[in-house]
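**Student:** Dumping the structure here so I can ask a few things about it.
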Amino acid sequence: MKRTLDVLALATLVLLSAFAQAPNAEARGLADEIPLPNGWQPEGITIGPCATIYAGSIATGAVFQADLRTGAGNVLVPGRPGRVAVGLKLDRRTNFLFVAGGPTGAAYVYDAETGADVAVFQLTTAADSFVNDVIVTNAAAYFTESSRAVIYRLPLGPGGSVAPDAAVQNIVLGGDFQVVAGQFNANGIEAANGGDTLIIVNSFLGTLYRVDAATGVARLIDLGGATVPNGDGILLRGRTLYVVQNFQNQVAVIQLDGRLASGDIIATITDPRLDVPTTVDDFAGALYLVNARFTTPPTPDTTYSIVRGPNRR
């Protein structure tokens, strides 16, 4: 009981602190909301230096860039037939954007300065593939596969360089990892321990796993019986993990232990502006979430946006 009360007390402090600090971001001149082009159909976002945010389009594979201070932006990577942009991550060493290609089974790498193609990798040719999200470490980019128990490893060269003929590795997820046929399984991904450990959320089961990046052996992260259903994009800062729960319109804040073996859900972030958020990133301490609006039928006139939430802990 004492542990429960302590967790509840900490959760209250986190929420009060987060919302109390939100005006600090406004004082830095950051926009409260960033509009995306009508009909964009976003899913993934990533933030780079100089207050630049990038958002991909599921519909066309295009990438939009915007200034977090003004909210103004433009299309960096034009859409093209046959391409899809789901999760994306910027490698600040090279200023390359790594993009998960969803049902195409591909991964795309773009120059975030010019929008030009750097490389395209066909990670899989499986008909039921859905390459969902990506994280970049010093040595590799890792992509999740939502239909099977596998992740894809794209090795990187010195300084994050990308060789167009790099051999993609399939790493089978073993240990405790479970796949439910016909459902979205592995989704959001983060890295810890210098890239030796990955954290992956299973959207359908609402479970979190720590994964050995070299072997794929996965161990369930014990949340004391709690789950994070519809877990989507995740963000790790220190030992605090933010898990976007898309259809719940909320973000679970989880305090992990030092071994990443267990954690407590210490807070839940909600906001009336959230409309099926899918991915989270942060800048200047503030959280940013993109509204995918999956419950709204997409049309060329459907509006989409990225919203700035409270400061992270």
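Chain labels A, B, ... are given in the sequence in which chains occur in the structure tokens; within each chain residues are numbered consecutively from 1, and ligands are likewise numbered from 1 in the order shown.
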Can you pull out every residue within 7 Å of Ser129 of chain A, counting only C-alpha atoms, but drop anything in the same chain fewer than 5 positions away, and send it as a list in words?
**Tutor:** Pro103, Gly105, Glu145 and Ser147 of chain A
**Student:** Select from segment 69-222 of chain A everything DSSP, run on the backbone, classes as strand (DSSP E or B), then give the selection as a VMD selection string.
**Tutor:** chain A and resid 73 to 77 88 to 91 96 to 100 102 106 to 111 117 to 122 131 to 136 140 to 145 150 to 155 169 to 172 174 to 175 186 to 192 197 to 202 207 to 212 217 to 220 222
**Student:** Using only C-alpha atoms, what does the table of segment 194-304 of chain A residues within 10 Å of segment 77-90 of chain A look like, with each row giving the shortest atom pair and its distance in Å to one decimal, sorted by chain and ascending number, as JSON lines?
**Tutor:**
```
{"residue": "A:Asp232", "atom": "CA", "partner": "A:Gly87", "partner_atom": "CA", "distance": 9.9}
{"residue": "A:Gly233", "atom": "CA", "partner": "A:Gly87", "partner_atom": "CA", "distance": 8.1}
{"residue": "A:Thr278", "atom": "CA", "partner": "A:Gly87", "partner_atom": "CA", "distance": 9.3}
{"residue": "A:Thr279", "atom": "CA", "partner": "A:Gly87", "partner_atom": "CA", "distance": 8.0}
{"residue": "A:Asp281", "atom": "CA", "partner": "A:Lys89", "partner_atom": "CA", "distance": 9.9}
```
**Student:** Please write the residues from the selection above to a file, keeping N, CA and C atoms, as a short mmCIF file (atom, residue, chain, number, x, y, z; two decimals), in the first residue's frame.
**Tutor:**
```cif
data_model
loop_
_atom_site.label_atom_id
_atom_site.label_comp_id
_atom_site.auth_asym_id
_atom_site.auth_seq_id
_atom_site.Cartn_x
_atom_site.Cartn_y
_atom_site.Cartn_z
N ASP A 232 2.27 3.40 -29.03
CA ASP A 232 2.75 3.76 -30.38
C ASP A 232 4.17 4.30 -30.26
N GLY A 233 4.41 5.54 -30.60
CA GLY A 233 5.75 6.09 -30.48
C GLY A 233 6.18 6.19 -29.02
N THR A 278 0.29 9.84 -32.40
CA THR A 278 1.04 8.63 -32.72
C THR A 278 2.50 8.67 -32.31
N THR A 279 3.10 9.84 -32.28
CA THR A 279 4.53 9.93 -32.01
C THR A 279 4.83 11.12 -31.12
N ASP A 281 8.15 13.62 -29.49
CA ASP A 281 9.55 14.01 -29.40
C ASP A 281 9.60 15.23 -28.50
#
```
**Student:** Point out the residue among A:Asp257, A:Trp40, A:Gln122, A:Asp271 with the least atom-to-atom distance to Tyr152 of chain A, counting only C-alpha atoms.
**Tutor:**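 Smallest distance to Tyr152 of chain A is found for A:Gln122.
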**Student:** Using Å and a single decimal, report how far atom CA of Ala139 of chain A sits from atom CA of Gly157 of chain A.
**Tutor:** 7.0 Å
**Student:** Could you give me, as a list in words, the residues within 6 Å of segment 161-178 of chain A, counting only C-alpha atoms and dropping anything in the same chain fewer than 5 positions from it?
**Tutor:** Ala119, Ala149, Val150, Ile151, Tyr152, Arg153, Leu154, Leu156, Gly216, Val217, Ala218, Arg219 and Leu220 of chain A
**Student:** Considering only C-alpha atoms, return as a PDB file with C-alpha atoms, in the first residue's frame whatever protein or nucleic-acid residues lie within 7 Å of Ile45 of chain A, sequence-local ones (same chain, fewer than 2 positions apart) excluded.
**Tutor:**
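Final output, saved to around-v4.pdb:
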```
ATOM      1  CA  GLU A  43       2.288   9.453 -38.375  1.00  0.00           C
ATOM      2  CA  ILE A  47      13.041  17.073 -34.067  1.00  0.00           C
ATOM      3  CA  ILE A  53      10.556  19.479 -36.678  1.00  0.00           C
ATOM      4  CA  TYR A  54       9.912  16.935 -39.428  1.00  0.00           C
ATOM      5  CA  ALA A  55       6.662  15.064 -40.107  1.00  0.00           C
ATOM      6  CA  GLY A  56       6.163  12.255 -42.606  1.00  0.00           C
ATOM      7  CA  GLY A  87       8.238   6.506 -38.193  1.00  0.00           C
ATOM      8  CA  LEU A  88      11.247   8.737 -38.772  1.00  0.00           C
ATOM      9  CA  THR A 279       4.531   9.927 -32.012  1.00  0.00           C
ATOM     10  CA  VAL A 290       1.456  14.671 -33.821  1.00  0.00           C
TER      11      VAL A 290
END
```
**Student:** Quick one: of A:Ala186, A:Leu274, A:Leu68, A:Tyr304, who's nearest to Phe130 of chain A, counting only C-alpha atoms?
**Tutor:**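 Using only C-alpha atoms, the shortest distance to Phe130 of chain A belongs to A:Ala186.
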**Student:** Work out how far apart atom CA of Glu113 of chain A and atom CA of Leu76 of chain A are and give it in Å to one decimal.
**Tutor:**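 Atom-to-atom, atom CA of Glu113 of chain A and atom CA of Leu76 of chain A are spaced 8.3 Å apart.
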**Student:** Tell me which protein, DNA and RNA residues are within 8 Å of Phe184 of chain A, counting only C-alpha atoms, leaving out same-chain ones fewer than 4 positions away, and put them as a list in words.
**Tutor:**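 My list of contacting residues is Ser146, Ser147, Val180, Asn202, Ser203 and Phe204 of chain A.
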**Student:** Given the choices A:Val228, A:Ala62, A:Val109, A:Ala100, which gets closest to Leu205 of chain A if the distance is worked out from only C-alpha atoms?
**Tutor:**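 For Leu205 of chain A, the nearest of the candidates is A:Val228.
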**Student:** Identify, on the basis of only C-alpha atoms, every residue whose closest approach to Pro277 of chain A does not exceed 9 Å; exclude the query and any residue fewer than 5 positions from it along the same chain; express the result as a ChimeraX atom specification.
**Tutor:** /A:43,232-233,244-251,289-294,306
**Student:** Enter the distance from atom CA of Thr60 of chain A to atom CA of Gln183 of chain A, in Å, rounded to one decimal.
**Tutor:**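 Atom CA of Thr60 of chain A sits 23.5 Å away from atom CA of Gln183 of chain A.
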**Student:** Given only C-alpha atoms as the basis, pick out the residue of A:Gly102, A:Gly160, A:Gly195, A:Gly115 nearest to Phe64 of chain A.
**Tutor:**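 Looking only at the distances to Phe64 of chain A, the closest residue turns out to be A:Gly115.
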